[in-house]
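**Student:** Here it is, the structure, as structure tokens.
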Amino acid sequence: MISMLQSSYPVLLQGLGQTLFYFVITLITSSLLGVLVTYLYGFKRIRPFISAYISIVRGTPLLLQLIFIYFGLPYFGITLDRMTAALIGFTFNYTGYIAEILRGGIQSVPQDQKDVAFVLGFSKSYTFYRILLPLSVRNSFPSLSNEVLVLLKDTALIYALGLSELIKVSRTLANIYVSAVPFIIVGLIYFTLSIIIEKLLKKIEKNMRKVTI
């Protein structure tokens, strides 16, 4: 394993870089859009469309969504490169999940806090972004943390689109060395990343609990 790491670490680093790229970009875009979708859910006229969107996200596999965006959209005259298709697919999926988690967090906020904001004359947007959203994030942070960890592992699905990441690198190295060791190495990389991110998220949650909103 040490010999293999010494000879193939540049390829592994390249695959790790691609994995982290899709992870970070998806996390940022889906978080921002998830907040927006949660806010729009408060408007009754838009709510049925958002509910339908979330139902599609939760009712179909992420892999199918990625395949449809890259291989299916060309039949409708929309052709995307692999990277764009992967980012759109991940963002489409995780925006829905994050929005649903935040919506559940808002529902857990006591009604009297919402009533106080209304009595004080705060606007709907001010109440959402300054009161409800911070409380929702704090209440639902464990669920959000779980989604972050799932996202890290789900980045392996871009392999289905032919993109180079850790899983594809491990398959290539396994064919070159005729060994299962590359799969073990990549598994250890994912495991290490998960532990680091999990500890970071727990630290953030601990600090968040100390803050009184």
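To be explicit about the labels: the chains of the structure tokens are called A, B, and onward in the order shown, and within each one the residues are counted from 1, while ligands get numbers from 1 in the order they are shown.
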Would you list the contacts of Ala86 of chain A as a count of residues only, taking every protein, DNA or RNA residue within 7 Å and counting only C-alpha atoms, but skipping same-chain residues closer than 3 positions in sequence?
**Tutor:** 6
**Student:** Name all residues at most 10 Å from Gly105 of chain A (count only C-alpha atoms; drop same-chain ones fewer than 4 positions away) and give them as a tab-separated table (two decimals) with N, CA and C atoms, in the first residue's frame.
**Tutor:**
```
chain	number	residue	atom	x	y	z
A	99	ALA	N	-34.01	22.59	1.87
A	99	ALA	CA	-35.22	23.39	2.04
A	99	ALA	C	-36.23	22.68	2.93
A	100	GLU	N	-36.37	21.37	2.73
A	100	GLU	CA	-37.32	20.61	3.54
A	100	GLU	C	-36.88	20.55	5.00
A	101	ILE	N	-35.58	20.41	5.23
A	101	ILE	CA	-35.07	20.39	6.60
A	101	ILE	C	-35.29	21.74	7.28
A	109	VAL	N	-40.34	26.13	15.53
A	109	VAL	CA	-40.24	27.38	16.29
A	109	VAL	C	-41.58	27.65	16.98
A	132	LEU	N	-36.71	33.64	12.14
A	132	LEU	CA	-37.07	32.24	11.89
A	132	LEU	C	-35.90	31.43	11.34
A	133	LEU	N	-35.15	31.98	10.38
A	133	LEU	CA	-34.06	31.22	9.77
A	133	LEU	C	-32.97	30.85	10.77
A	134	PRO	N	-32.48	31.81	11.59
A	134	PRO	CA	-31.47	31.42	12.58
A	134	PRO	C	-31.96	30.35	13.55
A	135	LEU	N	-33.21	30.48	13.99
A	135	LEU	CA	-33.76	29.47	14.89
A	135	LEU	C	-33.90	28.12	14.20
A	136	SER	N	-34.30	28.16	12.92
A	136	SER	CA	-34.46	26.92	12.16
A	136	SER	C	-33.14	26.21	11.98
A	137	VAL	N	-32.10	26.97	11.66
A	137	VAL	CA	-30.77	26.37	11.46
A	137	VAL	C	-30.29	25.72	12.75
A	138	ARG	N	-30.49	26.40	13.87
A	138	ARG	CA	-30.05	25.85	15.15
A	138	ARG	C	-30.85	24.60	15.51
A	139	ASN	N	-32.15	24.63	15.29
A	139	ASN	CA	-32.99	23.49	15.65
A	139	ASN	C	-32.73	22.26	14.77
A	140	SER	N	-32.43	22.52	13.50
A	140	SER	CA	-32.28	21.40	12.55
A	140	SER	C	-30.83	21.13	12.17
A	141	PHE	N	-29.89	21.67	12.94
A	141	PHE	CA	-28.48	21.53	12.57
A	141	PHE	C	-28.02	20.07	12.51
A	143	SER	N	-29.68	17.47	11.50
A	143	SER	CA	-30.14	16.96	10.21
A	143	SER	C	-29.35	17.56	9.05
```
**Student:** Tell me which protein, DNA and RNA residues are within 12 Å of segment 121-127 of chain A, counting only C-alpha atoms, leaving out same-chain ones fewer than 4 positions away, and put them as a PyMOL selection string.
**Tutor:** chain A and resi 35-36+38-40+42-43+106+113-117+131-135
**Student:** Could you save those same residues with N, CA and C atoms as a PDB file, in the first residue's frame?
**Tutor:**
```
ATOM      1  N   VAL A  35     -32.289  28.036   1.244  1.00  0.00           N
ATOM      2  CA  VAL A  35     -32.851  29.130   2.038  1.00  0.00           C
ATOM      3  C   VAL A  35     -33.914  29.881   1.229  1.00  0.00           C
ATOM      4  N   LEU A  36     -33.605  30.146  -0.047  1.00  0.00           N
ATOM      5  CA  LEU A  36     -34.554  30.857  -0.906  1.00  0.00           C
ATOM      6  C   LEU A  36     -35.842  30.060  -1.087  1.00  0.00           C
ATOM      7  N   THR A  38     -37.064  27.811   0.886  1.00  0.00           N
ATOM      8  CA  THR A  38     -37.779  27.803   2.168  1.00  0.00           C
ATOM      9  C   THR A  38     -38.563  29.097   2.358  1.00  0.00           C
ATOM     10  N   TYR A  39     -37.957  30.210   1.980  1.00  0.00           N
ATOM     11  CA  TYR A  39     -38.639  31.504   2.090  1.00  0.00           C
ATOM     12  C   TYR A  39     -39.850  31.553   1.156  1.00  0.00           C
ATOM     13  N   LEU A  40     -39.673  31.091  -0.075  1.00  0.00           N
ATOM     14  CA  LEU A  40     -40.765  31.126  -1.046  1.00  0.00           C
ATOM     15  C   LEU A  40     -41.905  30.198  -0.655  1.00  0.00           C
ATOM     16  N   GLY A  42     -43.352  30.119   1.987  1.00  0.00           N
ATOM     17  CA  GLY A  42     -44.303  30.881   2.784  1.00  0.00           C
ATOM     18  C   GLY A  42     -45.376  31.562   1.968  1.00  0.00           C
ATOM     19  N   PHE A  43     -45.229  31.600   0.641  1.00  0.00           N
ATOM     20  CA  PHE A  43     -46.228  32.215  -0.232  1.00  0.00           C
ATOM     21  C   PHE A  43     -47.168  31.128  -0.754  1.00  0.00           C
ATOM     22  N   ILE A 106     -38.341  25.505  10.925  1.00  0.00           N
ATOM     23  CA  ILE A 106     -39.192  26.672  11.148  1.00  0.00           C
ATOM     24  C   ILE A 106     -40.496  26.265  11.827  1.00  0.00           C
ATOM     25  N   GLN A 113     -43.276  33.121  19.320  1.00  0.00           N
ATOM     26  CA  GLN A 113     -42.187  33.923  18.777  1.00  0.00           C
ATOM     27  C   GLN A 113     -42.570  34.516  17.417  1.00  0.00           C
ATOM     28  N   LYS A 114     -43.323  33.761  16.645  1.00  0.00           N
ATOM     29  CA  LYS A 114     -43.807  34.272  15.366  1.00  0.00           C
ATOM     30  C   LYS A 114     -44.827  35.385  15.597  1.00  0.00           C
ATOM     31  N   ASP A 115     -45.679  35.208  16.605  1.00  0.00           N
ATOM     32  CA  ASP A 115     -46.703  36.205  16.900  1.00  0.00           C
ATOM     33  C   ASP A 115     -46.079  37.513  17.385  1.00  0.00           C
ATOM     34  N   VAL A 116     -45.006  37.415  18.161  1.00  0.00           N
ATOM     35  CA  VAL A 116     -44.322  38.624  18.653  1.00  0.00           C
ATOM     36  C   VAL A 116     -43.786  39.432  17.481  1.00  0.00           C
ATOM     37  N   ALA A 117     -43.197  38.756  16.503  1.00  0.00           N
ATOM     38  CA  ALA A 117     -42.673  39.454  15.328  1.00  0.00           C
ATOM     39  C   ALA A 117     -43.796  40.150  14.572  1.00  0.00           C
ATOM     40  N   ILE A 131     -35.145  36.144  12.249  1.00  0.00           N
ATOM     41  CA  ILE A 131     -35.684  35.436  13.411  1.00  0.00           C
ATOM     42  C   ILE A 131     -35.873  33.939  13.120  1.00  0.00           C
ATOM     43  N   LEU A 132     -36.711  33.638  12.140  1.00  0.00           N
ATOM     44  CA  LEU A 132     -37.067  32.243  11.890  1.00  0.00           C
ATOM     45  C   LEU A 132     -35.901  31.426  11.343  1.00  0.00           C
ATOM     46  N   LEU A 133     -35.154  31.975  10.380  1.00  0.00           N
ATOM     47  CA  LEU A 133     -34.064  31.217   9.767  1.00  0.00           C
ATOM     48  C   LEU A 133     -32.968  30.853  10.768  1.00  0.00           C
ATOM     49  N   PRO A 134     -32.482  31.806  11.587  1.00  0.00           N
ATOM     50  CA  PRO A 134     -31.468  31.418  12.580  1.00  0.00           C
ATOM     51  C   PRO A 134     -31.956  30.346  13.553  1.00  0.00           C
ATOM     52  N   LEU A 135     -33.207  30.478  13.989  1.00  0.00           N
ATOM     53  CA  LEU A 135     -33.760  29.470  14.892  1.00  0.00           C
ATOM     54  C   LEU A 135     -33.900  28.118  14.197  1.00  0.00           C
TER      55      LEU A 135
END
```
**Student:** Apply DSSP to the backbone of this structure and, from chain A, keep only the residues in helix (DSSP H, G or I); write these as a PyMOL selection string.
**Tutor:** chain A and resi 2-40+47-59+62-76+82-107+111-119+124-139+141-161+166-177+181-210
**Student:** Can you work out the spacing between atom CA of Val169 of chain A and atom CA of Asn93 of chain A in Å, to one decimal?
**Tutor:**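 The value is 24.9 Å.
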**Student:** Give me, please, the distance in Å between atom CA of Ile2 of chain A and atom CA of Lys168 of chain A, quoted to one decimal.
**Tutor:** 20.0 Å
**Student:** Could you name the residues that touch segment 21-24 of chain A at 8 Å or less, counting only C-alpha atoms, but leaving out those on the same chain fewer than 2 positions away, as a list in words?
**Tutor:**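 Once the nearby chain positions are removed, what remains is Gly17, Gln18, Thr19, Thr26, Leu27, Ile28, Leu87, Leu151, Leu152 and Thr155 of chain A.
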**Student:** Could those residues be written to a file, using N, CA and C atoms, as a PDB file, in the first residue's frame?
**Tutor:**
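Saved file result.pdb follows:
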```pdb
ATOM      1  N   GLY A  17      -9.141  16.283  -5.335  1.00  0.00           N
ATOM      2  CA  GLY A  17      -9.465  17.669  -5.663  1.00  0.00           C
ATOM      3  C   GLY A  17     -10.801  17.792  -6.374  1.00  0.00           C
ATOM      4  N   GLN A  18     -11.069  16.866  -7.304  1.00  0.00           N
ATOM      5  CA  GLN A  18     -12.348  16.878  -8.015  1.00  0.00           C
ATOM      6  C   GLN A  18     -13.504  16.578  -7.062  1.00  0.00           C
ATOM      7  N   THR A  19     -13.311  15.620  -6.175  1.00  0.00           N
ATOM      8  CA  THR A  19     -14.349  15.280  -5.200  1.00  0.00           C
ATOM      9  C   THR A  19     -14.681  16.467  -4.309  1.00  0.00           C
ATOM     10  N   THR A  26     -21.429  22.362  -4.497  1.00  0.00           N
ATOM     11  CA  THR A  26     -22.804  21.929  -4.251  1.00  0.00           C
ATOM     12  C   THR A  26     -23.294  22.386  -2.889  1.00  0.00           C
ATOM     13  N   LEU A  27     -22.439  22.294  -1.891  1.00  0.00           N
ATOM     14  CA  LEU A  27     -22.821  22.704  -0.540  1.00  0.00           C
ATOM     15  C   LEU A  27     -23.180  24.184  -0.503  1.00  0.00           C
ATOM     16  N   ILE A  28     -22.398  25.014  -1.173  1.00  0.00           N
ATOM     17  CA  ILE A  28     -22.654  26.462  -1.170  1.00  0.00           C
ATOM     18  C   ILE A  28     -23.932  26.796  -1.929  1.00  0.00           C
ATOM     19  N   LEU A  87     -23.060  19.403 -11.510  1.00  0.00           N
ATOM     20  CA  LEU A  87     -23.324  20.465 -10.538  1.00  0.00           C
ATOM     21  C   LEU A  87     -24.814  20.799 -10.475  1.00  0.00           C
ATOM     22  N   LEU A 151     -23.670  14.162   1.361  1.00  0.00           N
ATOM     23  CA  LEU A 151     -23.210  14.809   0.131  1.00  0.00           C
ATOM     24  C   LEU A 151     -21.783  14.407  -0.204  1.00  0.00           C
ATOM     25  N   LEU A 152     -20.923  14.358   0.804  1.00  0.00           N
ATOM     26  CA  LEU A 152     -19.531  13.973   0.566  1.00  0.00           C
ATOM     27  C   LEU A 152     -19.459  12.602  -0.096  1.00  0.00           C
ATOM     28  N   THR A 155     -20.886  12.390  -3.841  1.00  0.00           N
ATOM     29  CA  THR A 155     -20.067  12.907  -4.945  1.00  0.00           C
ATOM     30  C   THR A 155     -19.495  11.772  -5.783  1.00  0.00           C
TER      31      THR A 155
END
```
**Student:** Counting only C-alpha atoms, give me one row per residue of segment 9-95 of chain A with an atom at most 10 Å from an atom of segment 186-209 of chain A, showing the shortest contact pair and its distance in Å to one decimal, sorted by chain then residue number, as a tab-separated table.
**Tutor:**
```
residue	atom	partner	partner_atom	distance
A:Leu12	CA	A:Val186	CA	8.2
A:Gly15	CA	A:Val186	CA	9.6
A:Leu16	CA	A:Ile189	CA	8.4
A:Thr19	CA	A:Tyr190	CA	9.8
A:Leu20	CA	A:Leu193	CA	9.7
```
**Student:** Would you put the residues from that selection into a file with all heavy atoms, as a PDB file, in the first residue's frame?
**Tutor:**
```pdb
ATOM      1  N   LEU A  12      -4.231  10.335  -7.147  1.00  0.00           N
ATOM      2  CA  LEU A  12      -5.164  10.348  -6.022  1.00  0.00           C
ATOM      3  C   LEU A  12      -5.487  11.774  -5.586  1.00  0.00           C
ATOM      4  O   LEU A  12      -6.639  12.095  -5.280  1.00  0.00           O
ATOM      5  CB  LEU A  12      -4.578   9.565  -4.847  1.00  0.00           C
ATOM      6  CG  LEU A  12      -4.540   8.044  -4.995  1.00  0.00           C
ATOM      7  CD1 LEU A  12      -3.698   7.422  -3.890  1.00  0.00           C
ATOM      8  CD2 LEU A  12      -5.951   7.461  -4.975  1.00  0.00           C
ATOM      9  N   GLY A  15      -7.916  13.243  -8.051  1.00  0.00           N
ATOM     10  CA  GLY A  15      -9.267  12.744  -7.800  1.00  0.00           C
ATOM     11  C   GLY A  15      -9.874  13.354  -6.551  1.00  0.00           C
ATOM     12  O   GLY A  15     -11.058  13.699  -6.527  1.00  0.00           O
ATOM     13  N   LEU A  16      -9.060  13.510  -5.507  1.00  0.00           N
ATOM     14  CA  LEU A  16      -9.531  14.140  -4.271  1.00  0.00           C
ATOM     15  C   LEU A  16      -9.929  15.586  -4.521  1.00  0.00           C
ATOM     16  O   LEU A  16     -10.956  16.057  -3.996  1.00  0.00           O
ATOM     17  CB  LEU A  16      -8.435  14.079  -3.214  1.00  0.00           C
ATOM     18  CG  LEU A  16      -8.717  14.793  -1.890  1.00  0.00           C
ATOM     19  CD1 LEU A  16      -9.936  14.203  -1.207  1.00  0.00           C
ATOM     20  CD2 LEU A  16      -7.498  14.710  -0.968  1.00  0.00           C
ATOM     21  N   THR A  19     -13.311  15.620  -6.175  1.00  0.00           N
ATOM     22  CA  THR A  19     -14.349  15.280  -5.200  1.00  0.00           C
ATOM     23  C   THR A  19     -14.681  16.467  -4.309  1.00  0.00           C
ATOM     24  O   THR A  19     -15.851  16.801  -4.090  1.00  0.00           O
ATOM     25  CB  THR A  19     -13.891  14.086  -4.335  1.00  0.00           C
ATOM     26  OG1 THR A  19     -13.750  12.925  -5.163  1.00  0.00           O
ATOM     27  CG2 THR A  19     -14.903  13.800  -3.234  1.00  0.00           C
ATOM     28  N   LEU A  20     -13.648  17.127  -3.796  1.00  0.00           N
ATOM     29  CA  LEU A  20     -13.859  18.281  -2.917  1.00  0.00           C
ATOM     30  C   LEU A  20     -14.465  19.450  -3.687  1.00  0.00           C
ATOM     31  O   LEU A  20     -15.249  20.225  -3.127  1.00  0.00           O
ATOM     32  CB  LEU A  20     -12.538  18.695  -2.272  1.00  0.00           C
ATOM     33  CG  LEU A  20     -11.971  17.708  -1.250  1.00  0.00           C
ATOM     34  CD1 LEU A  20     -10.621  18.192  -0.734  1.00  0.00           C
ATOM     35  CD2 LEU A  20     -12.935  17.508  -0.085  1.00  0.00           C
TER      36      LEU A  20
END
```
